[in-house]
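K.L.:
One structure is given below, represented as structure tokens, and several questions about it will come after.
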Amino acid sequence: MRTLITFTVILLIAFNQSLFSQTESIGTEEYGRIFDFNYDPLNENTLYALTLGNHILKSTDNGVTWDVFYSHPEKATSLKELRILPDNRLSFYTNYTENTDALYIYDVNTMQTVKQIVPPIPPSADKWWISGYNIYEENTDIVILLQNFQIGLANYAKVYYTTDAGDTWDEIYYHVDYNEVFVNNVAIDPSNPDKLFIARSNGPTDVIGGLFVSEDTGNTWTEKLPGITFDAITFNPENSDDILIGSSAAGALADAEDVYRSLDGGNTWTGIGISWTDKIQDNINAIVYNPTDLNNIIVLEENEVVITTDNFETWENYVYDYNATEGYVYGLTATFNPFNGQEVFINADYFPQYSTDGGVTMTRVKNPFFVTTGSVSFTASPEEHLYYSVQFGIIHRDMETGIDTPYDVKPIDYMSINPFTTVFTEKKIPGRVYSYSASFMGSALQVSDDHGANKIDVLSMFSNSLDAVATDPNNHGVAFASFSSFGEDFQVHKIDFSDPGNITSTQVSLPYLDYITGIVYFNGSSDNILMAIGTRIYKSTDAGSTWTLSSSGLDELIEFTDLILDLKANPLNDNQFTLTSNKGIFTSLDGGTTWTKIYEGLVHNMEHSDKVNGHMVATVNTSMMSEFKLIYSSNAGQTWNEVMPKHLLYLTASTSDYRFLEESAEVYIGTTDLGLVRYTVALDPVSSGNLIAPEMQVQVFPNPANTQITVKTNADYKEIELYNSKGQLVLTSNINTIDVSQLEKGLYMVKTIGYDGYSDYQKVIVQ
């Protein structure tokens, strides 16, 4: 048995939503999820937030629109616990980065990482990850950090302390030494770096919870409030002796859920006495001061919010419907607008929320940053339609009207152990959609001719994967479809559904058993079929009754080791077919008889242009052994250009499709945290076609500018162009010092064009 090299998604994308960028987020805003909102205390209406992946977002219009501000380039990365530090710096840690997690401090002004703080590697651990941290803001070399790790199936927790940004660490808590009680949260006293706090969780014995306090950097501990588990720890911004902590699960003590307060630096504690409605977890997740009024404090619990405006002399409980996923559910963090204390963003478990009355009422923050849960497909003949997946369903976009219509999209709280629905579209039949839903109870292939609105079942079986499908060009009620199950049971069925009341299916006799990853009709005949099976191409001229090996030139593809991943026909050349594989791209100019390699290296998907013969675009999906890559050729694959990863913003994706124009191609990419992304590739017929275009690093200064700008590059350039905020070209220059005194005030894009055809972009503000 062999695993199909249809690789799963792990890495992530970083992109700029700017008008000038080649990369745009164009998916629906109905399913977007972003987290860890933080208002900028210095710049009005400016917020930062995290995606579900490796991106930090920035909004300068109070959360109406968002741009990607930072993207972490490492594969399999998720960013966690975003916070704002003094002097315009952000802190966060990476998660799931193949045991290379680290805490980062990032300078917003210079857009550079100023510190990367790496925790110790636990001996004998199979994997380890950061679970929490706190930075002493007066000296960011001082950090307390919570780390969890696994040895086999057993879980462990340690807390470390450093005063030199991680050059050396002191292990100050190991859960094994303290009745195996785990840790929820850690903190440093904001005015005393020697004073540390550990909010404890559960353990396997009857000893649980308790707040640990140390006055000597963790050498000794004093326990407070034993038997209650804790999570949130918050200090009064003007008096660090005034501390609020929130219980997590109620622990061993009855009626223990509450906010507890100390007015003497943690020596003594008193419960506020808040009554709560009982739910499932009853966690108090966040306690947040309003920076414009420190008597106003908001407490986020599982299904309710408590708000006080008089420092807990009194308070109000606001209970929300736990099942209303559009509204507040399980708030995790909150941030008040420092310029308007009634505005607050709340990171809720399902969808982010925004309030203009201090958290009493909320509306969902819509945004386009969702997880793509299946395939992306574009059809262009004769009508243009785009299909992309979200929440186990499909969104159909009519490209003429721009209207998105969802089909079979599941609620945000829907969970399933079954794989996502696989969707194939027929590019030459408007509205034709094949969908395959696999489950342990049986799987069904369905077909629709109205974009998925109405479907009919055409085949039921127990295979877990639909690998390829092709429609008879002369009878749209007949299709070939290939299936497999966990690396075996390879099948092809010829299905006749021209009469929905009398659907027939015939299993095709195969010349060879392996994954069938491509089926293509050729020469407009119902009898002529090319099929990619494993590492081989087979040809039939009798509608699949007999097959002939047609793989001359593919000898380097090793049986059961390599795999053909895609097979496409050139719509402008009946004799040309092209395939992708883990060893490169091969093309045939004689109807699939002989094949020639035109690109070296793993490629998953490709397409020929239907506008200009010789234009080609291909992509590599993100996987355990590959990062997302976009390559293109303007000369039939003689030479290839690669889009630099930073301009794709290090996206992670397992699906893409292409829309060709005369001199460009739009690549539609389904990502793991930024939803549906469109990247525009210029297909210049006179491009030099370097295999990998050199990266042109560009600086523009001063910025903002009044009279002139200077453009500095690390490579030769042939021209510099300036575009206004409407995307209009307003100025060109072949020298690097440019007079901008006559331009209107506003935002401009500087496009620097290299002699090799590569371009770079930088923003500049003209005042």
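We label chains A, B, ... in the order they appear in the structure tokens, count residues from 1 in each chain, and number ligands from 1 in the order shown.
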Any idea what's packed within 12 Å of A:Met461, counting only C-alpha atoms, ignoring anything in its chain fewer than 4 positions away? Could you give it as a PyMOL selection string?
P.N.:
chain A and resi 436-446+457+465-466+482-485+489+491+493+505+507
K.L.:
Just the residues within 12 Å of A:Tyr318, please, counting only C-alpha atoms, with nothing from its chain fewer than 5 positions along; format it as a list in words.
P.N.:
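Result of the neighbour search: Ser275, Trp276, Thr277, Ile298, Val299, Leu300, Glu301, Glu302, Asn303, Glu304, Val305, Val306, Ile307, Thr308, Tyr328, Val329, Gly358, Gly359, Val360, Thr361 and Met362 of chain A.
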K.L.:
Near A:Thr356, counting only C-alpha atoms, which residues have an atom at most 7 Å away, once you skip same-chain residues fewer than 5 positions from it, shown as a PyMOL selection string?
P.N.:
chain A and resi 342-344
K.L.:
Please indicate the distance in Å from atom CA of A:Gly209 to atom CA of A:Leu244, rounded to one decimal place.
P.N.:
16.2 Å
K.L.:
Just the residues within 7 Å of A:Gly534, please, counting only C-alpha atoms, with nothing from its chain fewer than 2 positions along; format it as a compact mmCIF listing (two decimals) with N, CA and C atoms, in the first residue's frame.
P.N.:
# COMPACT_ATOMS: atom_id res chain seq x y z
N ASP A 514 -2.94 1.36 -9.90
CA ASP A 514 -2.29 2.41 -9.10
C ASP A 514 -3.25 3.59 -9.11
N TYR A 515 -2.86 4.67 -8.47
CA TYR A 515 -3.71 5.85 -8.46
C TYR A 515 -3.98 6.34 -9.88
N ILE A 516 -5.26 6.61 -10.18
CA ILE A 516 -5.64 7.21 -11.46
C ILE A 516 -5.86 8.69 -11.18
N ALA A 532 -3.84 8.81 -16.69
CA ALA A 532 -2.62 8.73 -15.89
C ALA A 532 -2.84 7.72 -14.78
N ARG A 536 2.48 6.01 -15.20
CA ARG A 536 2.34 5.67 -16.61
C ARG A 536 1.16 6.41 -17.24
N LEU A 563 4.90 9.34 -8.73
CA LEU A 563 3.48 9.41 -9.05
C LEU A 563 3.20 10.61 -9.95
N ILE A 564 2.42 10.37 -11.01
CA ILE A 564 1.86 11.46 -11.80
C ILE A 564 0.74 12.09 -10.97
K.L.:
Kindly give the distance, in Å, that separates atom CA of A:Asn475 and atom CA of A:Gly524, rounded to a single decimal.
P.N.:
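Between atom CA of A:Asn475 and atom CA of A:Gly524 the gap is 11.0 Å.
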K.L.:
So that I can check the surroundings of stretch 255-266 of chain A, please list as an MDAnalysis selection string every protein, DNA and RNA residue that reaches within 8 Å of it, counting only C-alpha atoms and ignoring chain neighbours fewer than 4 positions away.
P.N.:
chainID A and resid 213 228 240:251 270:276 282:284
K.L.:
Which stretch 100-126 of chain A residues have any atom within 9 Å of an atom of stretch 136-147 of chain A, and for each, what is the nearest pair of atoms with distance in Å to one decimal, counting only C-alpha atoms, rows sorted by chain and number, as CSV?
P.N.:
residue,atom,partner,partner_atom,distance
A:Leu103,CA,A:Leu145,CA,8.9
A:Ile105,CA,A:Thr140,CA,8.6
A:Lys115,CA,A:Asp141,CA,8.7
A:Ile117,CA,A:Asp141,CA,8.7
A:Pro119,CA,A:Leu145,CA,7.8
K.L.:
As a ChimeraX atom specification, please: the residues near A:Asn502 (cut-off 12 Å, only C-alpha atoms, same-chain neighbours under 3 positions excluded).
P.N.:
/A:456-459,477,495-499,505
K.L.:
Would you please extract all strand (DSSP E) residues from stretch 127-343 of chain A, as assigned by DSSP on the backbone, and give them as a PyMOL selection string?
P.N.:
chain A and resi 127-135+143-151+154-162+170-174+183-189+192-200+211-214+222-224+230-236+239-247+259-262+270-271+284-290+293-301+304-308+316-319+333-337+340-343
K.L.:
Which residues are close to A:Leu225, i.e. within 8 Å by only C-alpha atoms, leaving aside same-chain residues fewer than 6 positions away? Reply as a PyMOL selection string.
P.N.:
chain A and resi 210-211+269
K.L.:
Output N, CA and C atoms for every residue in that selection, as a JSON list (two decimals), in the first residue's frame.
P.N.:
[["chain", "number", "residue", "atom", "x", "y", "z"],
["A", 210, "GLY", "N", -4.79, 26.07, 42.89],
["A", 210, "GLY", "CA", -3.99, 26.91, 43.76],
["A", 210, "GLY", "C", -3.18, 27.92, 42.96],
["A", 211, "LEU", "N", -3.01, 29.11, 43.54],
["A", 211, "LEU", "CA", -2.16, 30.14, 42.95],
["A", 211, "LEU", "C", -0.82, 30.11, 43.65],
["A", 269, "TRP", "N", -6.41, 37.27, 49.70],
["A", 269, "TRP", "CA", -7.34, 37.27, 48.58],
["A", 269, "TRP", "C", -8.77, 37.20, 49.08]]
K.L.:
Please report the interatomic distance between atom CA of A:Ile529 and atom CA of A:Ser581 in Å with one decimal.
P.N.:
19.5 Å
